[in-house]
>>> print(open('run_32.txt').read())   # compact mmCIF, C-alpha atoms
# COMPACT_ATOMS: atom_id res chain seq x y z
CA MET A 1 66.13 194.14 -83.32
CA LYS A 2 65.14 197.79 -83.72
CA PRO A 3 61.55 198.67 -82.63
CA GLY A 4 60.44 199.55 -86.14
CA ARG A 5 61.73 196.33 -87.60
CA ALA A 6 60.20 194.28 -84.78
CA ALA A 7 56.81 195.86 -85.42
CA LEU A 8 57.14 195.37 -89.17
CA SER A 9 58.06 191.71 -88.71
CA LEU A 10 54.97 191.11 -86.63
CA LEU A 11 52.78 192.85 -89.17
CA LEU A 12 54.17 190.69 -91.95
CA LEU A 13 53.53 187.58 -89.91
CA ALA A 14 49.98 188.58 -88.95
CA PRO A 15 48.14 186.92 -91.89
CA LEU A 16 49.58 183.55 -90.88
CA ALA A 17 49.08 184.13 -87.17
CA VAL A 18 45.37 184.76 -87.35
CA ARG A 19 44.89 181.26 -88.79
CA ALA A 20 46.69 179.69 -85.87
CA VAL A 21 44.51 178.47 -83.04
CA GLU A 22 46.87 178.76 -80.15
CA PRO A 23 47.49 180.65 -76.97
CA ILE A 24 48.63 184.18 -77.65
CA SER A 25 47.33 187.30 -79.23
CA LEU A 26 49.53 188.72 -81.95
CA GLY A 27 47.61 191.95 -81.55
CA LEU A 28 48.70 192.23 -77.93
CA ALA A 29 52.29 191.44 -78.86
CA LEU A 30 52.20 194.10 -81.60
CA ALA A 31 50.63 196.64 -79.28
CA GLY A 32 53.37 195.95 -76.78
CA VAL A 33 56.04 196.63 -79.38
CA LEU A 34 54.47 199.82 -80.76
CA THR A 35 53.18 201.43 -77.58
CA GLY A 36 55.97 200.22 -75.34
CA CYS A 37 58.61 201.59 -77.69
CA ILE A 38 56.98 204.98 -78.14
CA TYR A 39 55.96 205.74 -74.56
CA PRO A 40 57.63 203.06 -72.43
CA ARG A 41 57.54 204.72 -69.02
CA LEU A 42 54.05 206.17 -69.38
CA TYR A 43 52.66 202.98 -70.91
CA CYS A 44 54.03 200.78 -68.11
CA LEU A 45 52.22 202.85 -65.49
CA PHE A 46 48.91 201.50 -66.77
CA THR A 47 49.68 197.97 -67.95
CA GLU A 48 52.13 195.15 -67.47
CA CYS A 49 55.36 195.50 -69.42
CA CYS A 50 58.03 193.08 -70.50
CA GLY A 51 60.54 192.58 -67.69
CA GLN A 52 58.47 194.84 -65.42
CA LYS A 53 60.03 193.32 -62.31
CA GLN A 54 63.54 194.70 -62.45
CA SER A 55 64.95 191.73 -60.55
CA LEU A 56 63.78 188.44 -59.13
CA SER A 57 64.06 188.10 -55.35
CA ARG A 58 65.75 184.82 -54.47
CA GLU A 59 64.36 185.11 -50.94
CA VAL A 60 60.76 185.53 -52.14
CA LEU A 61 61.10 182.63 -54.58
CA GLN A 62 62.50 180.41 -51.84
CA LYS A 63 59.68 181.40 -49.48
CA ASP A 64 57.08 180.55 -52.13
CA LEU A 65 58.66 177.15 -52.78
CA ASP A 66 58.99 176.35 -49.08
CA SER A 67 55.43 177.36 -48.20
CA LYS A 68 53.60 175.96 -51.23
CA LEU A 69 55.55 172.95 -52.52
CA PHE A 70 55.78 169.83 -50.36
CA GLY A 71 57.93 166.71 -50.50
CA GLN A 72 60.08 168.00 -53.36
CA HIS A 73 63.52 168.83 -51.95
CA LEU A 74 65.23 168.16 -55.28
CA ALA A 75 62.87 170.34 -57.31
CA LYS A 76 63.10 173.18 -54.78
CA LYS A 77 66.88 173.28 -54.90
CA VAL A 78 67.17 173.05 -58.69
CA ILE A 79 64.42 175.58 -59.42
CA LEU A 80 65.70 178.10 -56.88
CA ASN A 81 69.28 178.01 -58.13
CA ALA A 82 68.49 177.71 -61.84
CA VAL A 83 65.85 180.45 -62.05
CA SER A 84 67.47 182.97 -59.71
CA GLY A 85 70.88 182.44 -61.33
CA PHE A 86 69.48 182.81 -64.83
CA ILE A 87 67.49 185.98 -64.11
CA SER A 88 70.47 187.62 -62.39
CA ASN A 89 72.74 186.92 -65.36
CA PRO A 90 72.66 189.99 -67.66
CA LYS A 91 74.08 188.05 -70.62
CA PRO A 92 73.06 184.38 -70.60
CA LYS A 93 74.54 182.24 -73.37
CA LYS A 94 71.25 180.46 -74.09
CA PRO A 95 67.64 180.35 -72.89
CA LEU A 96 66.88 178.57 -69.63
CA THR A 97 65.30 175.17 -70.33
CA LEU A 98 63.74 173.09 -67.56
CA SER A 99 62.13 169.68 -68.00
CA LEU A 100 59.92 168.72 -65.04
CA HIS A 101 59.07 165.03 -64.62
CA GLY A 102 56.75 163.14 -62.28
CA TRP A 103 53.28 161.77 -61.69
CA THR A 104 50.15 163.91 -61.79
CA GLY A 105 49.61 165.99 -58.66
CA THR A 106 53.24 166.15 -57.55
CA GLY A 107 53.64 169.88 -58.24
CA LYS A 108 54.96 170.36 -61.79
CA ASN A 109 52.24 172.78 -62.89
CA PHE A 110 52.37 174.48 -59.52
CA VAL A 111 56.10 175.17 -59.87
CA SER A 112 55.48 176.67 -63.32
CA LYS A 113 52.92 178.97 -61.71
CA ILE A 114 55.36 179.98 -58.96
CA ILE A 115 58.09 180.77 -61.49
CA ALA A 116 55.72 182.87 -63.61
CA GLU A 117 54.44 184.79 -60.58
CA ASN A 118 57.97 185.59 -59.42
CA ILE A 119 58.86 187.09 -62.80
CA TYR A 120 55.57 188.74 -63.83
CA GLU A 121 52.82 190.29 -61.72
CA GLY A 122 50.21 188.59 -63.87
CA GLY A 123 51.74 185.14 -63.40
CA LEU A 124 50.25 182.63 -65.82
CA ASN A 125 47.82 185.32 -67.01
CA SER A 126 50.64 187.62 -68.10
CA ASP A 127 50.85 188.52 -71.79
CA TYR A 128 54.45 187.35 -71.63
CA VAL A 129 53.76 183.85 -70.30
CA HIS A 130 52.53 181.36 -72.91
CA LEU A 131 51.07 177.94 -72.12
CA PHE A 132 50.82 175.15 -74.71
CA VAL A 133 48.90 171.97 -73.86
CA ALA A 134 49.75 169.10 -76.22
CA THR A 135 46.29 167.53 -76.46
CA LEU A 136 44.58 170.92 -76.90
CA HIS A 137 46.93 172.85 -79.15
CA PHE A 138 48.52 170.00 -81.16
CA PRO A 139 45.84 167.28 -81.29
CA HIS A 140 46.28 165.81 -84.79
CA ALA A 141 49.38 163.90 -85.89
CA SER A 142 48.55 164.66 -89.52
CA ASN A 143 49.06 168.39 -88.87
CA ILE A 144 52.59 168.22 -87.46
CA THR A 145 54.10 170.28 -90.28
CA LEU A 146 51.51 173.02 -89.74
CA TYR A 147 52.04 172.90 -85.95
CA LYS A 148 55.80 173.28 -86.41
CA ASP A 149 55.33 176.37 -88.53
CA GLN A 150 52.83 177.86 -86.09
CA LEU A 151 55.03 177.10 -83.09
CA GLN A 152 58.03 178.82 -84.62
CA LEU A 153 55.82 181.76 -85.55
CA TRP A 154 54.43 182.14 -82.02
CA ILE A 155 57.82 181.97 -80.37
CA ARG A 156 59.54 184.28 -82.83
CA GLY A 157 56.74 186.85 -82.60
CA ASN A 158 56.56 186.84 -78.82
CA VAL A 159 60.30 186.94 -78.20
CA SER A 160 60.55 189.80 -80.71
CA ALA A 161 58.05 191.67 -78.55
CA CYS A 162 59.56 190.58 -75.22
CA ALA A 163 62.95 188.93 -74.78
CA ARG A 164 61.98 187.69 -71.29
CA SER A 165 59.10 185.56 -72.57
CA ILE A 166 58.19 182.33 -70.78
CA PHE A 167 56.93 179.30 -72.71
CA ILE A 168 55.37 176.33 -70.88
CA PHE A 169 54.71 173.05 -72.68
CA ASP A 170 52.36 170.78 -70.73
CA GLU A 171 51.70 167.07 -71.46
CA MET A 172 55.01 166.51 -73.23
CA ASP A 173 54.38 162.78 -72.80
CA LYS A 174 51.34 163.19 -75.09
CA MET A 175 52.98 165.40 -77.72
CA HIS A 176 53.59 163.92 -81.17
CA ALA A 177 57.20 162.84 -81.60
CA GLY A 178 59.28 165.25 -83.67
CA LEU A 179 57.09 168.31 -83.12
CA ILE A 180 59.11 169.85 -80.31
CA ASP A 181 62.28 169.70 -82.45
CA ALA A 182 60.86 172.69 -84.32
CA ILE A 183 62.03 174.95 -81.47
CA LYS A 184 65.57 173.52 -81.36
CA PRO A 185 67.20 176.59 -83.00
CA PHE A 186 65.67 178.86 -80.35
CA LEU A 187 67.24 176.84 -77.50
CA ASP A 188 70.73 176.67 -78.93
CA TYR A 189 73.80 178.81 -78.27
CA TYR A 190 73.12 181.54 -80.85
CA ASP A 191 73.55 185.23 -80.13
CA ASN A 192 70.58 185.85 -82.41
CA LEU A 193 68.60 184.32 -85.26
CA ASP A 194 67.38 186.71 -87.94
CA ARG A 195 68.27 189.54 -85.56
CA VAL A 196 66.17 188.15 -82.70
CA SER A 197 67.92 186.97 -79.52
CA TYR A 198 66.30 184.16 -77.54
CA GLN A 199 68.92 184.05 -74.80
CA LYS A 200 66.74 185.61 -72.09
CA ALA A 201 63.67 183.45 -72.72
CA ILE A 202 62.59 180.58 -70.46
CA PHE A 203 61.23 177.24 -71.71
CA ILE A 204 59.55 174.81 -69.29
CA PHE A 205 58.49 171.29 -70.27
CA LEU A 206 56.10 169.22 -68.11
CA SER A 207 55.88 165.46 -68.49
CA ASN A 208 54.86 162.20 -66.81
CA ALA A 209 57.65 160.44 -68.72
CA GLY A 210 60.17 158.93 -66.36
CA ALA A 211 57.73 158.88 -63.42
CA GLU A 212 58.16 155.11 -63.07
CA ARG A 213 61.91 155.51 -62.63
CA ILE A 214 61.42 158.27 -60.06
CA THR A 215 59.01 156.06 -58.11
CA ASP A 216 61.41 153.10 -58.22
CA VAL A 217 64.20 155.16 -56.70
CA ALA A 218 61.94 156.69 -54.03
CA LEU A 219 60.51 153.27 -53.13
CA GLU A 220 63.97 151.74 -52.94
CA PHE A 221 65.08 154.40 -50.47
CA TRP A 222 61.92 153.87 -48.39
CA ARG A 223 62.37 150.10 -48.27
CA ARG A 224 65.97 150.54 -47.17
CA GLY A 225 64.83 152.77 -44.32
CA LYS A 226 66.37 155.90 -45.80
CA GLN A 227 64.83 159.36 -45.75
CA ARG A 228 63.60 160.65 -49.11
CA GLU A 229 65.66 163.80 -48.49
CA GLU A 230 68.76 161.62 -48.95
CA ILE A 231 67.88 161.15 -52.62
CA GLN A 232 70.18 163.26 -54.77
CA LEU A 233 69.75 164.59 -58.28
CA ARG A 234 72.52 162.34 -59.60
CA ASP A 235 70.48 159.31 -58.50
CA MET A 236 68.00 159.89 -61.33
CA GLU A 237 68.74 162.87 -63.61
CA HIS A 238 70.59 160.85 -66.24
CA ALA A 239 68.00 158.07 -66.10
CA LEU A 240 65.25 160.68 -66.68
CA SER A 241 66.87 162.07 -69.82
CA VAL A 242 67.46 158.55 -71.21
CA SER A 243 63.90 157.52 -70.34
CA ALA A 244 62.37 160.53 -72.11
CA PHE A 245 64.65 160.12 -75.13
CA ASN A 246 63.84 156.42 -75.60
CA ASN A 247 60.12 156.56 -74.78
CA LYS A 248 58.20 156.25 -78.07
CA ASN A 249 55.12 157.72 -76.39
CA SER A 250 57.01 160.85 -75.33
CA GLY A 251 57.30 164.12 -77.21
CA PHE A 252 61.03 163.90 -76.46
CA TRP A 253 61.43 160.58 -78.32
CA HIS A 254 64.79 160.80 -80.11
CA SER A 255 64.56 164.57 -79.77
CA SER A 256 67.47 166.77 -80.82
CA LEU A 257 66.78 168.86 -77.69
CA ILE A 258 68.11 165.99 -75.59
CA ASP A 259 70.61 164.66 -78.13
CA ARG A 260 72.25 168.10 -78.38
CA ASN A 261 72.15 168.66 -74.58
CA LEU A 262 69.88 171.71 -74.85
CA ILE A 263 67.81 170.83 -71.76
CA ASP A 264 69.59 172.47 -68.84
CA TYR A 265 67.91 170.52 -66.03
CA PHE A 266 65.82 167.35 -65.82
CA VAL A 267 63.94 167.90 -62.58
CA PRO A 268 62.36 164.89 -60.80
CA PHE A 269 59.16 165.32 -58.76
CA LEU A 270 58.89 162.55 -56.17
CA PRO A 271 55.59 160.78 -55.43
CA LEU A 272 53.90 162.26 -52.38
CA GLU A 273 53.32 160.52 -49.06
CA TYR A 274 50.41 160.76 -46.62
CA LYS A 275 52.08 163.55 -44.61
CA HIS A 276 52.52 165.66 -47.72
CA LEU A 277 48.83 165.39 -48.59
CA LYS A 278 47.96 166.76 -45.15
CA MET A 279 50.27 169.71 -45.78
CA CYS A 280 48.48 170.43 -49.07
CA ILE A 281 45.09 170.26 -47.37
CA ARG A 282 46.10 172.67 -44.59
CA VAL A 283 47.44 175.24 -47.06
CA GLU A 284 44.29 174.97 -49.17
CA MET A 285 42.10 175.52 -46.10
CA GLU A 286 44.06 178.62 -45.19
CA SER A 287 43.92 179.96 -48.76
CA ARG A 288 40.12 179.69 -48.62
CA GLY A 289 39.99 181.59 -45.35
CA TYR A 290 39.03 178.58 -43.24
CA GLU A 291 40.46 177.74 -39.85
CA VAL A 292 42.50 174.55 -40.13
CA ASP A 293 40.46 171.65 -38.78
CA GLU A 294 42.78 168.68 -38.20
CA ASP A 295 39.86 166.27 -38.13
CA ILE A 296 38.84 167.28 -41.66
CA VAL A 297 42.50 167.25 -42.75
CA THR A 298 42.83 163.63 -41.62
CA ARG A 299 39.50 162.55 -43.11
CA VAL A 300 40.31 164.04 -46.54
CA ALA A 301 43.81 162.53 -46.55
CA GLU A 302 42.48 159.09 -45.63
CA GLU A 303 40.03 159.17 -48.55
CA MET A 304 42.95 159.19 -50.98
CA THR A 305 44.32 155.98 -52.55
CA PHE A 306 47.92 154.87 -52.25
CA PHE A 307 50.41 152.53 -53.91
CA PRO A 308 52.06 150.00 -54.03
CA LYS A 309 49.08 147.92 -52.98
CA GLU A 310 50.90 146.21 -50.12
CA GLU A 311 52.90 149.08 -48.61
CA ARG A 312 50.53 151.97 -49.50
CA VAL A 313 53.38 154.50 -49.37
CA PHE A 314 52.63 157.01 -52.13
CA SER A 315 49.48 158.84 -53.19
CA ASP A 316 48.50 157.81 -56.72
CA LYS A 317 47.05 161.27 -57.49
CA GLY A 318 49.28 163.45 -55.36
CA CYS A 319 47.60 166.62 -54.16
CA LYS A 320 45.55 167.10 -57.31
CA THR A 321 42.20 165.83 -56.03
CA VAL A 322 42.38 166.90 -52.38
CA TYR A 323 40.94 170.29 -53.37
CA THR A 324 37.74 168.85 -54.82
CA LYS A 325 37.41 166.45 -51.90
CA LEU A 326 37.71 169.38 -49.54
CA ASP A 327 34.71 171.00 -51.26
CA TYR A 328 32.51 168.24 -49.85
CA TYR A 329 33.15 169.39 -46.27
CA TYR A 330 32.54 173.04 -46.99
CA ASP A 331 29.68 172.80 -49.45
CA ASP A 332 27.00 175.22 -48.36
>>> encode(input="run_32.txt", output="structure tokens")
Amino acid sequence: MKPGRAALSLLLLAPLAVRAVEPISLGLALAGVLTGCIYPRLYCLFTECCGQKQSLSREVLQKDLDSKLFGQHLAKKVILNAVSGFISNPKPKKPLTLSLHGWTGTGKNFVSKIIAENIYEGGLNSDYVHLFVATLHFPHASNITLYKDQLQLWIRGNVSACARSIFIFDEMDKMHAGLIDAIKPFLDYYDNLDRVSYQKAIFIFLSNAGAERITDVALEFWRRGKQREEIQLRDMEHALSVSAFNNKNSGFWHSSLIDRNLIDYFVPFLPLEYKHLKMCIRVEMESRGYEVDEDIVTRVAEEMTFFPKEERVFSDKGCKTVYTKLDYYYDD
């Protein structure tokens, strides 16, 4: 789309956008189109621009995943290959779509943060990264039609302003069924829709749906004396897509996104073990500038609860609450 037409489209959409309650500023998107098109080089010296990082470093992304994400060999491999391959492709056929599944605290949100930071300096705070939380932004089932219109408006407006936009949908397991199908046209194999191309955008879905199946597989491997690293994607990827599609409490229930094979990767996040919690605690200590105290590491890890009740293999909250528990030991 030509700059003038992109700006005009956003202006025409503005009256509807101001009534929407969700996560982006149409004014910022419009400013990006107008100012960025007129003085692109000068403008980008003072503020973040679309696609400001000319290329994603596979090595840096791998280092971030290795040093910050624990117990997730499957997720690391899929994310590294999928994201680096997509960004390096100058002409992708469709947007990259990732669906991340697992219990709370296993690293889904953290991986979204890592991806955003490796593409934009501002990470999740970038004007080109947009987070939707189902219970916050789409709370009422009676407003699904309105939400669909708003969602299409947000995505169309932002991708018009920046082709390399990132959209993150959290709590997909709490989203009203049918709502997410509104974005189906944007994920399909179209060169453009109404002169806007969505092929360089990234869509990330986060969900607890399928976590039971992931746990069953991980527990089965543990009981058979196998290492969790022996689990392969084929052991659960298909089961995850079927579970999300057939779960009436999931935003993916009977979704055309799954039925039409528009989700590129279903990524399982395994439940975390005791040793993984200790890794999280050590990294958090270091990030706060504290010297790692193994006594405190052990005490915090042992305060966590585990399941199943008999074996006590996996943390029921992952790494999510270790940070607040750590506050107790360093509270001035």
>>> atom_distance(input="run_32.txt", atom1="CA of Thr215 in chain A", atom2="CA of Leu270 in chain A")
6.8 Å
>>> residues_around(input="run_32.txt", residues="range 80-83 of chain A", least_positions_apart="2", cutoff="8 Å", atoms="all atoms listed in the file", output="VMD selection string")
chain A and resid 58 61 to 62 76 to 78 85 to 87 96 115
>>> write_last_selection(input="run_32.txt", atoms="C-alpha atoms", output="PDB file, keeping the file's coordinate frame")
ATOM      1  CA  ARG A  58      65.750 184.820 -54.470  1.00  0.00           C
ATOM      2  CA  LEU A  61      61.100 182.630 -54.580  1.00  0.00           C
ATOM      3  CA  GLN A  62      62.500 180.410 -51.840  1.00  0.00           C
ATOM      4  CA  LYS A  76      63.100 173.180 -54.780  1.00  0.00           C
ATOM      5  CA  LYS A  77      66.880 173.280 -54.900  1.00  0.00           C
ATOM      6  CA  VAL A  78      67.170 173.050 -58.690  1.00  0.00           C
ATOM      7  CA  GLY A  85      70.880 182.440 -61.330  1.00  0.00           C
ATOM      8  CA  PHE A  86      69.480 182.810 -64.830  1.00  0.00           C
ATOM      9  CA  ILE A  87      67.490 185.980 -64.110  1.00  0.00           C
ATOM     10  CA  LEU A  96      66.880 178.570 -69.630  1.00  0.00           C
ATOM     11  CA  ILE A 115      58.090 180.770 -61.490  1.00  0.00           C
TER      12      ILE A 115
END
>>> atom_distance(input="run_32.txt", atom1="CA of Ile79 in chain A", atom2="CA of Glu273 in chain A")
21.4 Å
>>> residues_around(input="run_32.txt", residues="range 317-329 of chain A", least_positions_apart="3", cutoff="12 Å", atoms="all atoms listed in the file", output="PyMOL selection string")
chain A and resi 68-72+102-110+269-285+287-288+290+292-293+295-307+313-314+332
>>> residues_around(input="run_32.txt", residues="Val129 in chain A", least_positions_apart="5", cutoff="12 Å", atoms="only C-alpha atoms", output="PyMOL selection string")
chain A and resi 23-25+29+48-51+112-113+115-124+154-155+158-159+162-169+201-204
>>> atom_distance(input="run_32.txt", atom1="CA of Lys174 in chain A", atom2="CA of Ser241 in chain A")
16.4 Å
>>> closest_residue(input="run_32.txt", among="A:Leu187, A:Ala141, A:Met175, A:Val217", to="Lys93 in chain A", atoms="only C-alpha atoms")
A:Leu187
